[in-house]
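Novice: Compact mmCIF, C-alpha atoms, saved as structure.txt, coming up:
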# COMPACT_ATOMS: atom_id res chain seq x y z
CA MET A 29 0.00 0.00 0.00
CA LYS A 30 2.87 2.37 0.88
CA LYS A 31 4.44 1.73 -2.53
CA ILE A 32 1.17 2.57 -4.29
CA LYS A 33 0.88 5.86 -2.36
CA THR A 34 4.46 6.75 -3.31
CA LEU A 35 3.78 6.08 -6.99
CA ALA A 36 0.59 8.14 -6.81
CA ALA A 37 2.46 11.07 -5.24
CA ALA A 38 5.14 10.86 -7.93
CA ALA A 39 2.45 10.88 -10.58
CA VAL A 40 0.90 14.02 -9.08
CA VAL A 41 4.32 15.77 -9.08
CA ALA A 42 4.88 14.76 -12.70
CA VAL A 43 1.47 16.08 -13.73
CA SER A 44 2.19 19.35 -11.90
CA LEU A 45 5.54 19.74 -13.69
CA PHE A 46 3.95 19.07 -17.08
CA SER A 47 1.25 21.59 -16.22
CA MET A 48 3.84 24.24 -15.30
CA GLN A 49 5.78 23.55 -18.49
CA GLY A 50 2.59 23.80 -20.47
CA ASP A 51 1.74 27.15 -18.89
CA ALA A 52 5.24 28.45 -19.65
CA MET A 53 5.01 27.31 -23.27
CA ALA A 54 1.59 28.92 -23.59
CA ALA A 55 2.96 32.16 -22.17
CA GLU A 56 5.88 32.09 -24.63
CA ALA A 57 3.46 31.44 -27.48
CA ASN A 58 1.69 34.69 -26.59
CA THR A 59 4.81 36.87 -26.72
CA ILE A 60 7.17 38.08 -29.42
CA SER A 61 10.79 39.24 -29.04
CA VAL A 62 12.49 41.47 -31.58
CA ARG A 63 15.62 43.59 -31.77
CA GLY A 64 15.17 47.26 -32.51
CA ILE A 65 18.02 49.23 -34.08
CA ALA A 66 18.50 52.98 -34.55
CA LYS A 67 21.34 54.93 -36.13
CA GLN A 68 22.07 58.63 -36.14
CA GLU A 69 24.75 61.14 -37.12
CA VAL A 70 25.53 63.77 -34.49
CA ALA A 71 28.13 66.44 -33.94
CA PRO A 72 30.80 65.48 -31.36
CA ASP A 73 31.35 67.76 -28.38
CA MET A 74 34.68 66.41 -27.06
CA ALA A 75 37.86 64.63 -28.11
CA TYR A 76 40.60 62.37 -26.76
CA LEU A 77 44.14 63.28 -27.75
CA THR A 78 47.09 60.89 -27.38
CA LEU A 79 50.46 62.64 -27.28
CA GLY A 80 53.87 60.99 -27.25
CA ILE A 81 57.39 62.02 -26.23
CA SER A 82 60.21 59.91 -27.69
CA VAL A 83 63.88 60.46 -26.77
CA LYS A 84 67.17 58.65 -27.45
CA GLY A 85 70.47 59.16 -25.61
CA ASP A 86 73.70 57.63 -24.41
CA THR A 87 72.53 56.63 -20.94
CA ALA A 88 69.26 55.64 -19.29
CA GLU A 89 69.53 58.60 -16.92
CA SER A 90 70.00 61.11 -19.73
CA VAL A 91 66.86 60.01 -21.59
CA ARG A 92 64.89 59.85 -18.33
CA THR A 93 65.89 63.42 -17.52
CA GLN A 94 65.02 64.70 -20.99
CA VAL A 95 61.58 63.08 -20.92
CA ALA A 96 60.91 64.30 -17.38
CA GLU A 97 61.72 67.88 -18.34
CA ALA A 98 59.66 67.72 -21.54
CA SER A 99 56.72 66.15 -19.68
CA GLN A 100 56.75 68.94 -17.11
CA LYS A 101 56.72 71.59 -19.84
CA VAL A 102 53.88 69.85 -21.68
CA ARG A 103 51.85 69.51 -18.49
CA ARG A 104 52.35 73.20 -17.65
CA ALA A 105 51.24 74.14 -21.16
CA LEU A 106 48.09 72.03 -20.82
CA LEU A 107 47.25 73.51 -17.42
CA GLY A 108 47.79 76.96 -18.90
CA MET A 109 45.09 76.17 -21.49
CA ALA A 110 42.61 75.26 -18.73
CA ILE A 111 43.00 71.49 -19.13
CA SER A 112 42.46 70.11 -15.62
CA GLU A 113 44.76 67.56 -13.97
CA ASN A 114 41.91 65.03 -14.04
CA ASN A 115 41.91 65.21 -17.85
CA ILE A 116 45.66 64.52 -18.19
CA GLN A 117 46.62 60.85 -17.87
CA SER A 118 49.90 59.01 -18.41
CA SER A 119 49.09 55.95 -20.50
CA SER A 120 52.54 54.41 -21.09
CA TYR A 121 56.22 54.73 -20.11
CA ASN A 122 58.81 52.51 -21.83
CA LEU A 123 62.58 52.68 -21.25
CA TYR A 124 64.69 50.19 -23.23
CA PRO A 125 68.18 49.68 -24.74
CA ASP A 126 68.65 51.12 -28.23
CA TYR A 127 70.53 48.87 -30.66
CA GLU A 128 72.05 49.37 -34.09
CA ASN A 129 73.22 46.77 -36.60
CA VAL A 130 76.97 46.79 -37.15
CA ASN A 131 78.40 44.22 -39.59
CA GLY A 132 75.42 41.95 -39.07
CA LYS A 133 75.54 42.16 -35.28
CA ASN A 134 73.33 44.13 -32.91
CA LYS A 135 75.30 46.59 -30.84
CA GLN A 136 73.84 48.74 -28.11
CA LYS A 137 74.40 52.42 -28.80
CA GLY A 138 72.39 53.87 -25.96
CA TYR A 139 68.86 54.01 -24.59
CA ALA A 140 65.43 55.08 -25.80
CA LEU A 141 62.40 56.18 -23.82
CA ASN A 142 58.84 56.58 -25.05
CA THR A 143 56.01 57.96 -22.95
CA THR A 144 52.44 58.89 -23.88
CA LEU A 145 49.77 61.14 -22.41
CA ARG A 146 46.04 60.82 -23.00
CA ILE A 147 44.26 64.16 -22.87
CA LYS A 148 40.51 64.68 -22.60
CA VAL A 149 39.52 67.86 -24.43
CA ASP A 150 36.08 69.22 -23.52
CA ASP A 151 36.33 72.31 -25.73
CA LEU A 152 36.94 71.36 -29.35
CA LYS A 153 37.93 74.93 -30.20
CA LYS A 154 41.13 74.38 -28.20
CA LEU A 155 42.16 71.17 -29.97
CA GLY A 156 44.45 72.62 -32.65
CA ASP A 157 46.03 75.03 -30.17
CA ILE A 158 46.70 72.18 -27.72
CA ILE A 159 48.54 70.23 -30.40
CA ASP A 160 50.62 73.22 -31.50
CA LYS A 161 51.65 74.34 -28.01
CA THR A 162 52.48 70.87 -26.69
CA VAL A 163 54.59 70.15 -29.78
CA GLN A 164 56.50 73.37 -29.09
CA GLU A 165 57.12 72.17 -25.52
CA GLY A 166 58.50 68.72 -26.40
CA VAL A 167 55.81 66.43 -27.82
CA THR A 168 57.25 64.43 -30.73
CA ASN A 169 54.27 62.27 -31.64
CA VAL A 170 50.54 62.89 -31.98
CA ASN A 171 49.43 59.29 -31.99
CA GLN A 172 45.67 59.66 -32.22
CA VAL A 173 42.78 62.09 -32.12
CA SER A 174 39.33 60.63 -31.43
CA PHE A 175 36.11 62.63 -31.45
CA ALA A 176 33.27 61.48 -29.21
CA LEU A 177 30.18 62.47 -27.24
CA SER A 178 30.55 63.45 -23.61
CA GLU A 179 28.66 61.72 -20.83
CA GLU A 180 26.65 64.90 -20.38
CA SER A 181 25.21 64.67 -23.92
CA ASN A 182 22.14 62.66 -22.94
CA VAL A 183 19.69 64.17 -25.44
CA GLN A 184 21.13 62.21 -28.38
CA ARG A 185 21.21 59.01 -26.32
CA HIS A 186 17.59 59.36 -25.26
CA GLN A 187 16.46 60.06 -28.80
CA LEU A 188 18.42 57.11 -30.13
CA LEU A 189 17.03 54.65 -27.57
CA ALA A 190 13.47 55.87 -28.19
CA ALA A 191 13.98 55.39 -31.93
CA ALA A 192 15.31 51.86 -31.32
CA VAL A 193 12.19 50.96 -29.30
CA ASP A 194 9.96 52.38 -32.06
CA ASN A 195 11.85 50.29 -34.58
CA ALA A 196 11.31 47.15 -32.47
CA ARG A 197 7.60 47.90 -32.05
CA ALA A 198 7.15 48.41 -35.80
CA LYS A 199 8.85 45.09 -36.59
CA ALA A 200 6.83 43.22 -33.98
CA ALA A 201 3.55 44.72 -35.19
CA ILE A 202 4.21 43.61 -38.77
CA VAL A 203 4.87 40.01 -37.65
CA ALA A 204 1.91 39.97 -35.25
CA ASN A 205 -0.54 41.31 -37.84
CA ALA A 206 0.74 38.86 -40.44
CA GLY A 207 -0.11 36.05 -38.02
CA GLY A 208 -3.56 37.38 -37.26
CA ARG A 209 -2.64 38.76 -33.85
CA ASN A 210 -2.50 42.22 -32.31
CA LEU A 211 0.54 43.67 -30.59
CA GLY A 212 0.09 44.23 -26.87
CA GLU A 213 2.07 45.92 -24.12
CA MET A 214 5.85 45.80 -23.81
CA LEU A 215 6.87 43.21 -21.23
CA SER A 216 10.66 43.64 -21.08
CA ALA A 217 13.58 45.38 -22.75
CA ASP A 218 17.29 44.63 -22.79
CA ILE A 219 19.16 47.81 -23.68
CA SER A 220 22.54 47.79 -25.38
CA ASP A 221 24.70 50.87 -24.84
CA TYR A 222 25.05 53.16 -27.80
CA ASN A 223 28.47 53.30 -29.35
CA GLY A 224 30.12 55.94 -31.44
CA GLU A 225 33.67 57.25 -31.52
CA THR A 226 35.61 58.26 -34.59
CA MET A 227 39.36 58.40 -34.98
CA VAL A 228 40.06 61.27 -37.35
CA ALA A 229 43.83 61.60 -37.26
CA ALA A 230 46.80 59.42 -36.51
CA GLY A 231 50.44 60.03 -37.20
CA THR A 232 53.95 60.48 -35.87
CA ASN A 233 56.67 63.10 -35.77
CA TYR A 234 54.38 66.12 -35.78
CA LYS A 235 57.28 68.26 -34.60
CA ARG A 236 59.10 67.70 -37.87
CA SER A 237 56.03 68.24 -40.04
CA LEU A 238 55.12 71.50 -38.31
CA ALA A 239 58.68 72.81 -38.43
CA ALA A 240 58.33 73.45 -42.16
CA ASP A 241 55.70 76.11 -41.52
CA VAL A 242 55.57 77.15 -37.88
CA ALA A 243 53.14 80.00 -38.60
CA ALA A 244 50.40 77.66 -39.86
CA PRO A 245 48.17 76.51 -36.98
CA THR A 246 46.86 72.98 -36.78
CA GLN A 247 43.20 72.68 -37.75
CA LEU A 248 41.10 69.53 -37.34
CA MET A 249 37.52 69.20 -38.59
CA PRO A 250 35.29 67.14 -36.26
CA GLY A 251 32.63 66.28 -38.85
CA THR A 252 29.90 64.01 -37.50
CA LEU A 253 29.79 60.79 -35.49
CA LYS A 254 27.79 57.77 -36.61
CA ILE A 255 26.25 56.34 -33.45
CA ASP A 256 23.89 53.40 -33.03
CA ALA A 257 21.84 51.69 -30.34
CA SER A 258 19.97 48.39 -30.13
CA VAL A 259 17.21 47.15 -27.82
CA GLU A 260 15.93 43.58 -27.40
CA VAL A 261 12.22 43.98 -26.65
CA THR A 262 9.52 41.45 -25.73
CA PHE A 263 5.87 42.31 -26.42
CA LYS A 264 2.63 40.61 -25.43
CA LEU A 265 0.46 39.20 -28.24
CA ASN A 266 -3.31 39.68 -28.03
Could I get this structure in the form of structure tokens?
Specialist:
Amino acid sequence: MKKIKTLAAAAVVAVSLFSMQGDAMAAEANTISVRGIAKQEVAPDMAYLTLGISVKGDTAESVRTQVAEASQKVRRALLGMAISENNIQSSSYNLYPDYENVNGKNKQKGYALNTTLRIKVDDLKKLGDIIDKTVQEGVTNVNQVSFALSEESNVQRHQLLAAAVDNARAKAAIVANAGGRNLGEMLSADISDYNGETMVAAGTNYKRSLAADVAAPTQLMPGTLKIDASVEVTFKLN
């Protein structure tokens, strides 16, 4: 008798599980999930500037001293242009032996040191002036200039996300109507962050290129950024 009761209880549990699975499948059958995408071109309001100082010399101490002095001058120039300390970041510092090939053999002739600074520029009108003045103070490489949107530029983000949701709703409505159903309320949304950053200039040895015409200021044109956002949305089907 005990064995029969156990089997009966197991049967009840199995029926309950099948019932729960059936309810879940029915719920899934009454929903639709689509990905909405929106793209937009906007004007950037900030930039990231990567500056490099490269020095070679006879001893490690000599190149260290040269780079330290140049870095101090560059930092003072940046502070003088109202670039805050928080927006000046050292991103690399590499000191290594410098070799030359003599009769098929590598021979050390001294040392080389490369260091880079990453500068956040909130005022794009200052960008060309920052490049010119830091090059005058010791920068030897302008490695990269990237235009972007600041964290404070929320209007474009909000518009882009709203457009992505509208795109998802339009897609879902087409599919629902084609199947003889009506689109209901939105049940959930998984938001992907927008992305958009454009590298507009990269190069080396700006000091040499500017030396040919010191009077000509550097000018960079921001243009527009192509940004996009995507949202995975689930709607109820009526």
Novice: Could you list, as a list in words, every residue within 8 Å of segment 58-60 of chain A, counting only C-alpha atoms and ignoring same-chain residues fewer than 6 positions away?
Specialist: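 Using only C-alpha atoms, the neighbours found are Ala200, Thr262, Phe263, Lys264, Leu265 and Asn266 of chain A.
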Novice: Go ahead and dump the residues you just picked, C-alpha atoms, as a compact mmCIF listing (two decimals), in the frame of the given file.
Specialist:
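Okay, out_24.txt is ready:
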# COMPACT_ATOMS: atom_id res chain seq x y z
CA ALA A 200 6.83 43.22 -33.98
CA THR A 262 9.52 41.45 -25.73
CA PHE A 263 5.87 42.31 -26.42
CA LYS A 264 2.63 40.61 -25.43
CA LEU A 265 0.46 39.20 -28.24
CA ASN A 266 -3.31 39.68 -28.03
Novice: Taking only residues of segment 119-156 of chain A that have an atom at most 12 Å from an atom of segment 167-183 of chain A, what is each one's shortest atom pair and its distance in Å to one decimal, using only C-alpha atoms, in chain and number order, as a tab-separated table?
Specialist:
residue	atom	partner	partner_atom	distance
A:Ser119	CA	A:Asn171	CA	12.0
A:Leu141	CA	A:Thr168	CA	11.9
A:Asn142	CA	A:Thr168	CA	9.8
A:Thr143	CA	A:Val167	CA	9.8
A:Thr144	CA	A:Asn169	CA	8.7
A:Leu145	CA	A:Val167	CA	9.7
A:Arg146	CA	A:Gln172	CA	9.3
A:Ile147	CA	A:Val173	CA	9.6
A:Lys148	CA	A:Ser174	CA	9.8
A:Val149	CA	A:Phe175	CA	9.4
A:Asp150	CA	A:Ser178	CA	8.0
A:Asp151	CA	A:Ser178	CA	10.8
A:Leu152	CA	A:Phe175	CA	9.0
A:Leu155	CA	A:Val173	CA	9.4
A:Gly156	CA	A:Val173	CA	10.7
Novice: Would you list the residues near (53.0, 68.4, -27.5), meaning any protein, DNA or RNA residue with an atom at most 12 Å from that point in file coordinates, counting all atoms listed in the file, as an MDAnalysis selection string?
Specialist: chainID A and resid 77:82 98:106 143:147 155:171 232:235 238
Novice: Just how far from atom CA of Lys199 of chain A is atom CA of Ile219 of chain A, in Å to one decimal?
Specialist: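 Calculated distance between atom CA of Ile219 of chain A and atom CA of Lys199 of chain A is 16.7 Å.
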Novice: Report, in Å with one decimal, the straight-line distance from atom CA of Arg92 of chain A to atom CA of Leu123 of chain A.
Specialist: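 Atom CA of Leu123 of chain A lies 8.1 Å from atom CA of Arg92 of chain A.
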Novice: Could you please determine the separation between atom CA of Gly212 of chain A and atom CA of Ala196 of chain A in Å, to one decimal place?
Specialist: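 Atom-to-atom, atom CA of Gly212 of chain A and atom CA of Ala196 of chain A are spaced 12.9 Å apart.
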Novice: Under the rule that all atoms listed in the file are counted, which of A:Leu189, A:Val83, A:Leu107, A:Ile116 is the nearest residue to Gly138 of chain A?
Specialist: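 Of A:Leu189, A:Val83, A:Leu107, A:Ile116, the one nearest Gly138 of chain A is A:Val83, counting all atoms listed in the file.
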Novice: Would you kindly return, as a ChimeraX atom specification, each protein, DNA or RNA residue with an atom no farther than 9 Å from any atom of Lys84 of chain A, considering only C-alpha atoms and excluding same-chain residues fewer than 3 positions away?
Specialist: /A:87-88,90-91,126,138-142
Novice: Could you name the residues that touch Tyr127 of chain A at 6 Å or less, counting all atoms listed in the file, but leaving out those on the same chain fewer than 4 positions away, as a PyMOL selection string?
Specialist: chain A and resi 134-137
